file entry-v9.txt (compact mmCIF, C-alpha atoms and all ligand atoms)
# COMPACT_ATOMS: atom_id res chain seq x y z
CA MET Q 27 23.86 -15.96 16.97
CA PRO Q 28 24.55 -13.41 14.23
CA ILE Q 29 28.25 -12.52 14.07
CA THR Q 30 29.30 -8.96 13.22
CA THR Q 31 32.45 -7.86 11.41
CA ASN Q 32 34.46 -7.65 14.61
CA GLY Q 33 33.33 -11.07 15.87
CA HIS Q 34 30.74 -9.57 18.23
CA GLU Q 35 27.66 -11.78 18.85
CA LEU Q 36 24.28 -10.05 18.60
CA PRO Q 37 21.77 -11.30 21.18
CA SER Q 38 18.21 -12.04 20.06
CA GLN Q 39 15.35 -10.34 21.92
CA ALA Q 40 12.56 -12.39 23.49
CA PRO Q 41 11.11 -14.41 20.59
CA ASP Q 42 8.14 -12.78 18.93
CA VAL Q 43 5.19 -14.89 17.71
CA GLU Q 44 4.54 -12.35 14.95
CA LEU Q 45 7.72 -13.50 13.16
CA TYR Q 46 6.36 -17.06 13.10
CA THR Q 47 3.02 -15.77 11.78
CA THR Q 48 4.71 -14.00 8.87
CA MET Q 49 6.62 -17.17 7.96
CA SER Q 50 3.45 -19.25 8.16
CA ARG Q 51 1.65 -16.85 5.78
CA ILE Q 52 4.57 -16.91 3.33
CA ARG Q 53 4.75 -20.71 3.42
CA ALA Q 54 0.99 -21.01 2.83
CA PHE Q 55 1.12 -18.49 -0.03
CA GLU Q 56 3.97 -20.25 -1.79
CA LEU Q 57 2.67 -23.80 -1.30
CA ALA Q 58 -0.58 -22.63 -2.89
CA ALA Q 59 1.22 -20.80 -5.72
CA GLU Q 60 3.33 -23.86 -6.44
CA LYS Q 61 0.27 -26.10 -6.64
CA LEU Q 62 -1.63 -23.63 -8.83
CA PHE Q 63 1.31 -23.25 -11.20
CA LEU Q 64 1.75 -27.01 -11.58
CA ALA Q 65 -1.99 -27.28 -12.26
CA GLY Q 66 -1.58 -24.78 -15.10
CA GLU Q 67 -3.59 -22.00 -13.46
CA LEU Q 68 -0.80 -19.37 -13.35
CA PRO Q 69 0.87 -17.90 -16.44
CA GLY Q 70 4.61 -17.30 -16.84
CA PHE Q 71 7.25 -18.62 -14.49
CA ILE Q 72 7.35 -18.66 -10.72
CA HIS Q 73 10.19 -19.14 -8.24
CA VAL Q 74 9.42 -19.98 -4.63
CA SER Q 75 11.46 -19.33 -1.51
CA ILE Q 76 10.21 -22.30 0.51
CA GLY Q 77 12.86 -22.92 3.20
CA GLN Q 78 14.07 -19.28 3.13
CA GLU Q 79 11.08 -17.63 4.87
CA ALA Q 80 13.01 -16.59 7.98
CA VAL Q 81 15.07 -14.04 6.06
CA ALA Q 82 12.04 -12.24 4.66
CA ALA Q 83 10.21 -12.25 7.99
CA GLY Q 84 13.21 -11.29 10.14
CA VAL Q 85 14.46 -8.46 7.93
CA CYS Q 86 11.13 -6.87 7.03
CA ALA Q 87 10.01 -6.80 10.67
CA ALA Q 88 12.91 -4.42 11.31
CA LEU Q 89 11.72 -1.98 8.60
CA SER Q 90 8.93 0.57 8.75
CA THR Q 91 6.23 0.67 6.07
CA GLU Q 92 7.82 3.79 4.54
CA ASP Q 93 11.27 2.20 4.28
CA TYR Q 94 12.20 1.16 0.76
CA LEU Q 95 12.61 -2.41 -0.43
CA THR Q 96 13.71 -4.11 -3.61
CA THR Q 97 13.80 -7.81 -4.30
CA THR Q 98 14.37 -10.47 -6.93
CA HIS Q 99 12.69 -13.13 -9.06
CA ARG Q 100 12.21 -15.05 -5.76
CA GLY Q 101 10.44 -12.22 -3.95
CA HIS Q 102 6.94 -13.31 -2.84
CA GLY Q 103 8.04 -13.74 0.78
CA HIS Q 104 9.85 -10.39 0.95
CA THR Q 105 6.88 -8.56 -0.55
CA LEU Q 106 4.38 -10.19 1.75
CA ALA Q 107 6.57 -9.55 4.81
CA LYS Q 108 6.85 -5.88 3.82
CA GLY Q 109 3.08 -5.61 4.12
CA ALA Q 110 1.64 -6.24 0.67
CA ASP Q 111 -1.83 -7.71 0.67
CA THR Q 112 -2.04 -11.44 -0.12
CA THR Q 113 -5.29 -11.09 -2.08
CA SER Q 114 -3.88 -8.60 -4.57
CA MET Q 115 -0.55 -10.46 -4.71
CA MET Q 116 -2.30 -13.72 -5.59
CA ALA Q 117 -4.42 -11.91 -8.18
CA GLU Q 118 -1.18 -10.56 -9.67
CA LEU Q 119 0.17 -14.10 -10.03
CA PHE Q 120 -3.05 -14.99 -11.86
CA GLY Q 121 -2.60 -11.91 -14.11
CA ARG Q 122 -5.97 -10.44 -13.07
CA THR Q 123 -7.03 -6.79 -13.01
CA THR Q 124 -7.33 -6.86 -9.22
CA GLY Q 125 -3.63 -7.70 -8.97
CA VAL Q 126 -1.27 -5.38 -7.15
CA CYS Q 127 0.08 -4.26 -10.55
CA ALA Q 128 -3.27 -4.71 -12.32
CA GLY Q 129 -2.12 -8.09 -13.59
CA ARG Q 130 0.64 -6.61 -15.76
CA GLY Q 131 3.66 -7.70 -13.76
CA GLY Q 132 3.09 -11.24 -12.55
CA SER Q 133 5.24 -13.02 -10.01
CA MET Q 134 8.59 -11.51 -11.00
CA HIS Q 135 7.55 -7.86 -11.32
CA ILE Q 136 5.45 -7.18 -8.26
CA ALA Q 137 5.71 -3.67 -6.84
CA ASP Q 138 3.59 -2.03 -4.18
CA PHE Q 139 4.67 1.54 -3.53
CA SER Q 140 2.05 1.91 -0.79
CA VAL Q 141 4.22 -0.30 1.45
CA GLY Q 142 7.60 0.92 0.16
CA MET Q 143 8.06 -2.12 -2.06
CA LEU Q 144 9.78 -0.65 -5.11
CA GLY Q 145 9.82 -3.84 -7.08
CA ALA Q 146 10.78 -7.43 -7.62
CA ASN Q 147 13.25 -7.77 -10.48
CA ALA Q 148 13.77 -10.52 -13.05
CA ILE Q 149 17.24 -9.13 -13.85
CA VAL Q 150 19.67 -10.82 -11.49
CA ALA Q 151 21.26 -8.08 -9.30
CA GLY Q 152 18.88 -5.53 -10.86
CA GLY Q 153 17.32 -4.53 -7.53
CA ILE Q 154 20.57 -3.74 -5.72
CA GLY Q 155 21.33 -0.50 -7.53
CA ILE Q 156 17.71 0.64 -7.21
CA ALA Q 157 17.89 0.22 -3.43
CA VAL Q 158 21.17 2.10 -3.27
CA GLY Q 159 19.54 4.84 -5.35
CA ALA Q 160 16.59 4.92 -2.95
CA ALA Q 161 19.05 5.18 -0.05
CA LEU Q 162 20.70 8.11 -1.84
CA THR Q 163 17.25 9.76 -2.05
CA ALA Q 164 16.83 9.23 1.70
CA ALA Q 165 20.26 10.71 2.39
CA MET Q 166 19.75 13.72 0.10
CA THR Q 167 16.23 14.56 1.24
CA GLY Q 168 16.80 13.64 4.89
CA ASN Q 169 13.46 11.79 4.93
CA GLY Q 170 14.77 9.33 7.54
CA HIS Q 171 13.98 6.24 5.48
CA VAL Q 172 16.22 3.21 5.11
CA ALA Q 173 16.45 1.06 1.99
CA ALA Q 174 16.84 -2.70 2.03
CA THR Q 175 17.47 -5.09 -0.80
CA PHE Q 176 17.40 -8.88 -1.06
CA PHE Q 177 19.54 -10.73 -3.57
CA GLY Q 178 21.02 -14.22 -4.04
CA ASP Q 179 24.64 -15.31 -3.96
CA GLY Q 180 24.53 -15.64 -7.77
CA ALA Q 181 23.81 -11.90 -8.04
CA THR Q 182 27.15 -11.13 -6.41
CA GLY Q 183 28.92 -12.35 -9.55
CA ARG Q 184 27.43 -9.45 -11.51
CA GLY Q 185 28.74 -5.91 -11.89
CA PRO Q 186 25.82 -4.08 -10.24
CA PHE Q 187 26.65 -5.80 -6.94
CA ALA Q 188 30.22 -4.47 -6.94
CA GLU Q 189 29.22 -1.01 -8.18
CA SER Q 190 26.38 -0.65 -5.70
CA LEU Q 191 28.44 -1.75 -2.70
CA ASN Q 192 31.18 0.66 -3.69
CA LEU Q 193 28.89 3.71 -3.80
CA ALA Q 194 26.91 2.66 -0.72
CA GLN Q 195 30.10 2.45 1.32
CA LEU Q 196 31.78 5.49 -0.26
CA TRP Q 197 28.75 7.70 0.45
CA GLN Q 198 27.80 5.91 3.71
CA LEU Q 199 24.22 5.42 2.51
CA PRO Q 200 21.38 4.12 4.71
CA VAL Q 201 21.02 0.76 2.99
CA VAL Q 202 20.88 -2.83 4.21
CA LEU Q 203 22.08 -5.36 1.64
CA VAL Q 204 20.72 -8.82 2.38
CA CYS Q 205 22.34 -11.73 0.58
CA GLU Q 206 20.32 -14.93 0.81
CA ASN Q 207 23.19 -17.32 0.27
CA ASN Q 208 21.54 -20.61 -0.67
CA GLY Q 209 24.67 -21.89 -2.40
CA TRP Q 210 23.08 -22.13 -5.84
CA ALA Q 211 22.46 -19.84 -8.79
CA SER Q 212 19.96 -21.64 -10.95
CA THR Q 213 21.75 -24.98 -11.61
CA THR Q 214 25.28 -23.82 -10.71
CA ARG Q 215 26.87 -24.26 -7.29
CA ASN Q 216 28.30 -20.97 -6.11
CA ASP Q 217 31.80 -22.37 -5.51
CA GLU Q 218 31.94 -23.11 -9.26
CA ALA Q 219 31.10 -19.52 -10.19
CA LEU Q 220 32.36 -17.18 -7.46
CA ALA Q 221 36.03 -16.59 -6.68
CA GLN Q 222 34.96 -15.64 -3.14
CA PRO Q 223 31.70 -17.37 -2.21
CA ASP Q 224 31.78 -15.89 1.31
CA ILE Q 225 29.85 -12.71 0.50
CA SER Q 226 30.59 -10.98 3.83
CA ARG Q 227 34.29 -11.01 3.00
CA ARG Q 228 33.55 -9.11 -0.21
CA ALA Q 229 31.77 -6.37 1.80
CA ARG Q 230 34.50 -6.29 4.44
CA ALA Q 231 37.10 -5.79 1.70
CA LEU Q 232 35.47 -2.38 1.14
CA GLY Q 233 35.41 -1.63 4.86
CA MET Q 234 31.65 -2.24 5.01
CA ASN Q 235 29.98 -3.56 8.15
CA ALA Q 236 28.90 -7.17 7.57
CA ILE Q 237 26.91 -9.63 9.66
CA ASP Q 238 26.73 -13.39 9.17
CA VAL Q 239 23.59 -15.09 10.29
CA ASP Q 240 21.92 -18.51 10.25
CA GLY Q 241 19.05 -17.80 7.86
CA ASN Q 242 17.01 -20.66 9.33
CA ASN Q 243 16.66 -18.84 12.65
CA VAL Q 244 14.16 -15.99 12.27
CA PHE Q 245 15.02 -14.49 15.65
CA ASP Q 246 18.72 -14.27 14.82
CA VAL Q 247 17.92 -12.78 11.40
CA HIS Q 248 15.72 -10.21 13.09
CA ALA Q 249 18.46 -9.29 15.59
CA ALA Q 250 20.92 -8.78 12.73
CA ALA Q 251 18.40 -6.70 10.78
CA ARG Q 252 17.56 -4.49 13.78
CA GLU Q 253 21.26 -3.79 14.25
CA ALA Q 254 21.75 -3.01 10.53
CA VAL Q 255 18.62 -0.86 10.17
CA GLY Q 256 19.44 0.99 13.40
CA ARG Q 257 22.93 1.80 12.14
CA ALA Q 258 21.61 2.95 8.78
CA ARG Q 259 18.95 5.16 10.35
CA ALA Q 260 21.51 6.68 12.71
CA GLY Q 261 23.71 7.70 9.76
CA ALA Q 262 26.35 5.02 10.42
CA GLY Q 263 26.20 3.70 6.85
CA PRO Q 264 25.43 0.44 5.09
CA THR Q 265 25.54 -3.14 6.32
CA LEU Q 266 25.65 -6.35 4.36
CA ILE Q 267 23.85 -9.27 6.00
CA GLN Q 268 24.80 -12.70 4.71
CA ALA Q 269 22.01 -15.13 5.61
CA HIS Q 270 22.97 -18.78 5.11
CA VAL Q 271 19.87 -20.53 3.80
CA HIS Q 272 18.68 -23.48 1.73
CA ARG Q 273 16.50 -23.47 -1.35
CA TRP Q 274 14.38 -26.57 -0.81
CA ARG Q 275 12.90 -26.58 -4.30
CA GLY Q 276 14.50 -26.37 -7.71
CA HIS Q 277 15.30 -23.01 -9.26
CA TYR Q 278 11.78 -22.52 -10.67
CA VAL Q 279 8.54 -24.36 -10.00
CA GLY Q 280 8.66 -27.41 -12.25
CA ASP Q 281 12.47 -27.71 -12.18
CA PRO Q 282 13.17 -31.41 -11.49
CA ALA Q 283 16.39 -30.30 -9.67
CA LYS Q 284 18.32 -33.45 -10.58
CA TYR Q 285 21.49 -31.59 -9.65
CA TYR Q 286 20.56 -31.81 -5.95
CA ASP Q 287 21.85 -34.61 -3.75
CA PRO Q 288 18.68 -35.95 -2.03
CA ALA Q 289 20.61 -36.49 1.23
CA GLU Q 290 21.59 -32.81 1.19
CA VAL Q 291 17.95 -31.74 0.74
CA ALA Q 292 16.91 -33.97 3.65
CA ARG Q 293 19.55 -32.27 5.83
CA TRP Q 294 18.19 -28.84 4.82
CA LYS Q 295 14.62 -29.81 5.61
CA ALA Q 296 15.69 -30.86 9.09
CA LYS Q 297 16.50 -27.15 9.62
CA ASP Q 298 13.00 -25.95 8.64
CA PRO Q 299 12.82 -22.32 9.82
CA LEU Q 300 9.17 -22.68 10.88
CA GLU Q 301 9.89 -25.76 13.02
CA ARG Q 302 12.94 -24.03 14.46
CA ALA Q 303 10.94 -20.94 15.43
CA ALA Q 304 8.18 -23.12 16.88
CA MET Q 305 10.73 -24.96 19.00
CA ILE Q 306 12.23 -21.71 20.32
CA LEU Q 307 8.79 -20.25 21.08
CA THR Q 308 7.91 -23.46 22.93
CA GLU Q 309 11.19 -23.45 24.88
CA HIS Q 310 10.52 -19.85 25.96
CA GLY Q 311 6.91 -20.64 26.87
CA THR Q 312 5.76 -17.88 24.50
CA TRP Q 313 2.93 -19.75 22.74
CA ARG Q 314 -0.58 -19.87 24.14
CA PRO Q 315 -1.93 -23.46 23.96
CA GLY Q 316 -3.14 -24.11 20.42
CA GLU Q 317 -1.69 -20.83 19.14
CA ARG Q 318 0.48 -22.39 16.46
CA GLU Q 319 -2.41 -24.40 15.03
CA GLN Q 320 -4.58 -21.28 15.05
CA ILE Q 321 -1.95 -19.20 13.22
CA ASP Q 322 -1.42 -21.91 10.61
CA SER Q 323 -5.14 -22.39 9.99
CA GLU Q 324 -5.72 -18.63 9.72
CA ALA Q 325 -2.88 -18.41 7.19
CA ALA Q 326 -4.36 -21.28 5.18
CA ALA Q 327 -7.82 -19.63 5.23
CA GLU Q 328 -6.36 -16.26 4.19
CA ILE Q 329 -4.62 -17.82 1.18
CA GLU Q 330 -7.66 -19.90 0.25
CA GLY Q 331 -9.68 -16.68 0.19
CA ALA Q 332 -7.02 -14.97 -1.93
CA VAL Q 333 -7.09 -17.80 -4.47
CA ALA Q 334 -10.89 -17.79 -4.68
CA SER Q 335 -10.90 -14.02 -5.17
CA ALA Q 336 -8.22 -14.21 -7.88
CA ARG Q 337 -10.03 -16.97 -9.76
CA ASN Q 338 -13.16 -14.81 -9.89
CA ALA Q 339 -11.40 -11.59 -10.93
CA PRO Q 340 -11.46 -10.40 -14.56
CA GLU Q 341 -8.48 -10.60 -16.87
CA PRO Q 342 -7.26 -7.32 -18.39
CA ASP Q 343 -8.94 -6.32 -21.64
CA PRO Q 344 -6.50 -7.08 -24.51
CA ALA Q 345 -7.38 -3.66 -25.98
CA SER Q 346 -5.74 -2.08 -22.92
CA VAL Q 347 -2.36 -3.70 -23.55
CA ALA Q 348 -0.54 -0.37 -23.92
CA ARG Q 349 -1.97 1.01 -20.70
CA PHE Q 350 0.67 1.89 -18.05
CA LEU Q 351 3.41 2.06 -20.69
CA PHE Q 352 5.09 5.48 -20.77
CA HIS Q 353 1.81 7.46 -20.85
CA GLU Q 354 -1.93 7.01 -21.25
CA PRO Q 355 -2.58 6.93 -25.00
CA PRO Q 356 -5.52 9.21 -25.74
CA GLY Q 357 -8.80 7.52 -26.58
CA LEU Q 358 -7.93 4.22 -24.87
CA PRO Q 359 -11.04 2.57 -23.43
CA GLN Q 360 -11.11 2.86 -19.65
CA GLN Q 361 -11.79 -0.67 -18.53
CA ALA Q 362 -11.61 -2.37 -15.17
CA CYS Q 363 -7.92 -1.78 -14.47
CA ALA Q 364 -6.40 -0.52 -11.26
CA PRO Q 365 -5.27 3.07 -11.84
CA SER Q 366 -1.58 4.02 -11.88
CA PRO Q 367 -0.54 5.16 -8.40
CA ALA Q 368 -0.78 8.88 -7.88
CA PRO Q 369 2.60 10.41 -6.90
CA SER Q 370 1.18 11.01 -3.42
CA GLN Q 371 0.71 7.24 -3.00
CA ILE Q 372 4.40 6.58 -3.58
CA ALA Q 373 6.17 6.08 -0.26
CA GLY Q 374 8.49 8.99 0.43
CA ALA Q 375 7.06 11.29 -2.26
CA SER Q 376 6.40 14.77 -0.98
C1 LIG Q 401 21.32 -10.64 -15.73
C2 LIG Q 401 20.68 -12.00 -15.67
N1 LIG Q 401 21.43 -13.09 -15.97
C3 LIG Q 401 20.88 -14.33 -15.91
C4 LIG Q 401 19.55 -14.49 -15.59
C5 LIG Q 401 18.94 -15.90 -15.50
N2 LIG Q 401 18.78 -16.25 -14.09
C6 LIG Q 401 17.61 -16.05 -13.45
S1 LIG Q 401 17.71 -16.41 -11.84
C7 LIG Q 401 19.31 -16.89 -11.97
C8 LIG Q 401 20.08 -17.39 -10.77
C9 LIG Q 401 20.13 -16.39 -9.66
O1 LIG Q 401 20.77 -16.96 -8.55
P1 LIG Q 401 20.85 -16.17 -7.21
O2 LIG Q 401 21.15 -14.74 -7.46
O3 LIG Q 401 21.78 -16.91 -6.32
O4 LIG Q 401 19.36 -16.22 -6.63
P2 LIG Q 401 18.48 -17.50 -6.23
O5 LIG Q 401 17.80 -17.96 -7.49
O6 LIG Q 401 19.39 -18.52 -5.62
O7 LIG Q 401 17.49 -16.95 -5.26
C10 LIG Q 401 19.77 -16.75 -13.27
C11 LIG Q 401 21.13 -17.05 -13.72
C12 LIG Q 401 18.79 -13.33 -15.33
N3 LIG Q 401 17.52 -13.40 -15.02
N4 LIG Q 401 19.38 -12.11 -15.35
call {"tool": "encode", "arguments": {"input": "entry-v9.txt", "output": "structure tokens"}}
result
Amino acid sequence: MPITTNGHELPSQAPDVELYTTMSRIRAFELAAEKLFLAGELPGFIHVSIGQEAVAAGVCAALSTEDYLTTTHRGHGHTLAKGADTTSMMAELFGRTTGVCAGRGGSMHIADFSVGMLGANAIVAGGIGIAVGAALTAAMTGNGHVAATFFGDGATGRGPFAESLNLAQLWQLPVVLVCENNGWASTTRNDEALAQPDISRRARALGMNAIDVDGNNVFDVHAAAREAVGRARAGAGPTLIQAHVHRWRGHYVGDPAKYYDPAEVARWKAKDPLERAAMILTEHGTWRPGEREQIDSEAAAEIEGAVASARNAPEPDPASVARFLFHEPPGLPQQACAPSPAPSQIAGAS
């Protein structure tokens, strides 16, 4: 059960199959991305969130499409759960023109304003201030939107975390700050780097509402997120959710992760959020017979289709390298690139 600041337990609603479906799609997307990267098909670096899917699914299901979201270098799951299309996300990882950012961003810089996704961010803690700024926009314009941001425990050692929490609480902004506390920042254990590794206590020190939740239980995460989003939308200010999770893989795909104790990883895997959700849905008699298998095979087929489409899509023309930077240089050839979003396509723009 998620525990609020005053020790109150938040009950989960009846378990919803849709939350399992989102996790299954994220898992399928990231297993495919991992394989493709190791086979040398994807440029750059990628970071996967395998084992952390419940946080993305549970939080984003509490947001509307227009609500704002920012995320991190480990943001595929958050972006997908917010409603981005898997085909254009996969094409983005391949760096193709059909990508959600026309192949210019790659894994760590995905943004999709059409679903309120303001951006992944390779700068640790970089997304937190942007979400607080978006929440300030919501408060000043009265547009009714809420902003949410995902970040890791490592990000809480940086200045933008402290500054953003301060302003969010001072101005009672409609923002939900979601810390995925997986205990590691790259190769460093958080108790070696943070004076206070319990992130909720840092929020409570400012008087901010905070909720602790088992990040392996998607239904509990969702209950916490509904409470936090409801408060924010009602004008009751920000909430920090600390989701306790495990990062099954190394920091980046290809990291041998020799710093992990194999017994510890085995313990984490025993808490697989997909298996946990499946067990709860079975206990409640929510599944139809064969429903889990059907969801998993549809997710696999969706991702297979996304990969095939990305492989066949064109790469950007090198002559267009300056496109989307600052302004459209006159005389640039107009090749097969997705256009910049019109202001009217940006969620919340009036
Ligand atoms: C400002 C900044 N410092 C350092 C890095 C290098 N770096 C990338 S990810 C990372 C660890 C982040 O850990 P955490 O915030 O806990 O997120 P997690 O990787 O666990 O999801 C570091 C140090 C960076 N990208 N940006």
call {"tool": "closest_residue", "arguments": {"input": "entry-v9.txt", "among": "Q:Leu300, Q:Ala148, Q:Ala345, Q:Met27", "to": "ligand LIG 401 (chain Q)", "atoms": "all atoms listed in the file"}}
result
Q:Ala148
call {"tool": "axis_aligned_box", "arguments": {"input": "entry-v9.txt", "around": "ligand LIG 401 (chain Q)", "padding_each_side": "5 Å", "output": "lines of an AutoDock Vina configuration file"}}
result
center_x = 19.6
center_y = -14.6
center_z = -10.6
size_x = 14.3
size_y = 17.9
size_z = 20.7
call {"tool": "residues_near_ligand", "arguments": {"input": "entry-v9.txt", "ligand": "ligand LIG 401 (chain Q)", "cutoff": "10 Å", "atoms": "only C-alpha atoms and all ligand atoms", "output": "ChimeraX atom specification"}}
result
/Q:73-75,78,97-101,134,147-152,176-186,205-216,271-273,276-278
call {"tool": "residues_around", "arguments": {"input": "entry-v9.txt", "residues": "stretch 189-201 of chain Q", "least_positions_apart": "3", "cutoff": "6 Å", "atoms": "all atoms listed in the file", "output": "JSON, numbers by chain"}}
result
{"Q": [155, 161, 172, 173, 174, 186, 258, 263, 264]}
call {"tool": "atom_distance", "arguments": {"input": "entry-v9.txt", "atom1": "atom CA of Q:Ser226", "atom2": "atom CA of Q:Val158"}}
result
17.6 Å
call {"tool": "closest_residue", "arguments": {"input": "entry-v9.txt", "among": "Q:Arg349, Q:Arg337, Q:His171, Q:Arg227", "to": "Q:Arg122", "atoms": "all atoms listed in the file"}}
result
Q:Arg337
call {"tool": "atom_distance", "arguments": {"input": "entry-v9.txt", "atom1": "atom CA of Q:Ala332", "atom2": "atom CA of Q:Val244"}}
result
25.5 Å
call {"tool": "closest_residue", "arguments": {"input": "entry-v9.txt", "among": "Q:Ala65, Q:Ala336, Q:Ala348, Q:Leu307", "to": "Q:Pro41", "atoms": "all atoms listed in the file"}}
result
Q:Leu307
call {"tool": "closest_residue", "arguments": {"input": "entry-v9.txt", "among": "Q:Ala251, Q:Met143, Q:Met234, Q:Ala59", "to": "Q:Val204", "atoms": "only C-alpha atoms"}}
result
Q:Ala251
call {"tool": "atom_distance", "arguments": {"input": "entry-v9.txt", "atom1": "atom CA of Q:Thr91", "atom2": "atom CA of Q:Val141"}}
result
5.1 Å
call {"tool": "closest_residue", "arguments": {"input": "entry-v9.txt", "among": "Q:Val247, Q:Ala164, Q:Ile72, Q:Ala40", "to": "Q:Gly131", "atoms": "only C-alpha atoms"}}
result
Q:Ile72
call {"tool": "closest_residue", "arguments": {"input": "entry-v9.txt", "among": "Q:Arg275, Q:Glu44, Q:Thr124, Q:Ala87", "to": "Q:Ala249", "atoms": "all atoms listed in the file"}}
result
Q:Ala87
call {"tool": "residues_around", "arguments": {"input": "entry-v9.txt", "residues": "Q:Leu119", "least_positions_apart": "4", "cutoff": "7 Å", "atoms": "only C-alpha atoms", "output": "PDB file with C-alpha atoms, keeping the file's coordinate frame"}}
result
ATOM      1  CA  LEU Q  68      -0.800 -19.370 -13.350  1.00  0.00           C
ATOM      2  CA  MET Q 115      -0.550 -10.460  -4.710  1.00  0.00           C
ATOM      3  CA  GLY Q 132       3.090 -11.240 -12.550  1.00  0.00           C
ATOM      4  CA  SER Q 133       5.240 -13.020 -10.010  1.00  0.00           C
TER       5      SER Q 133
END
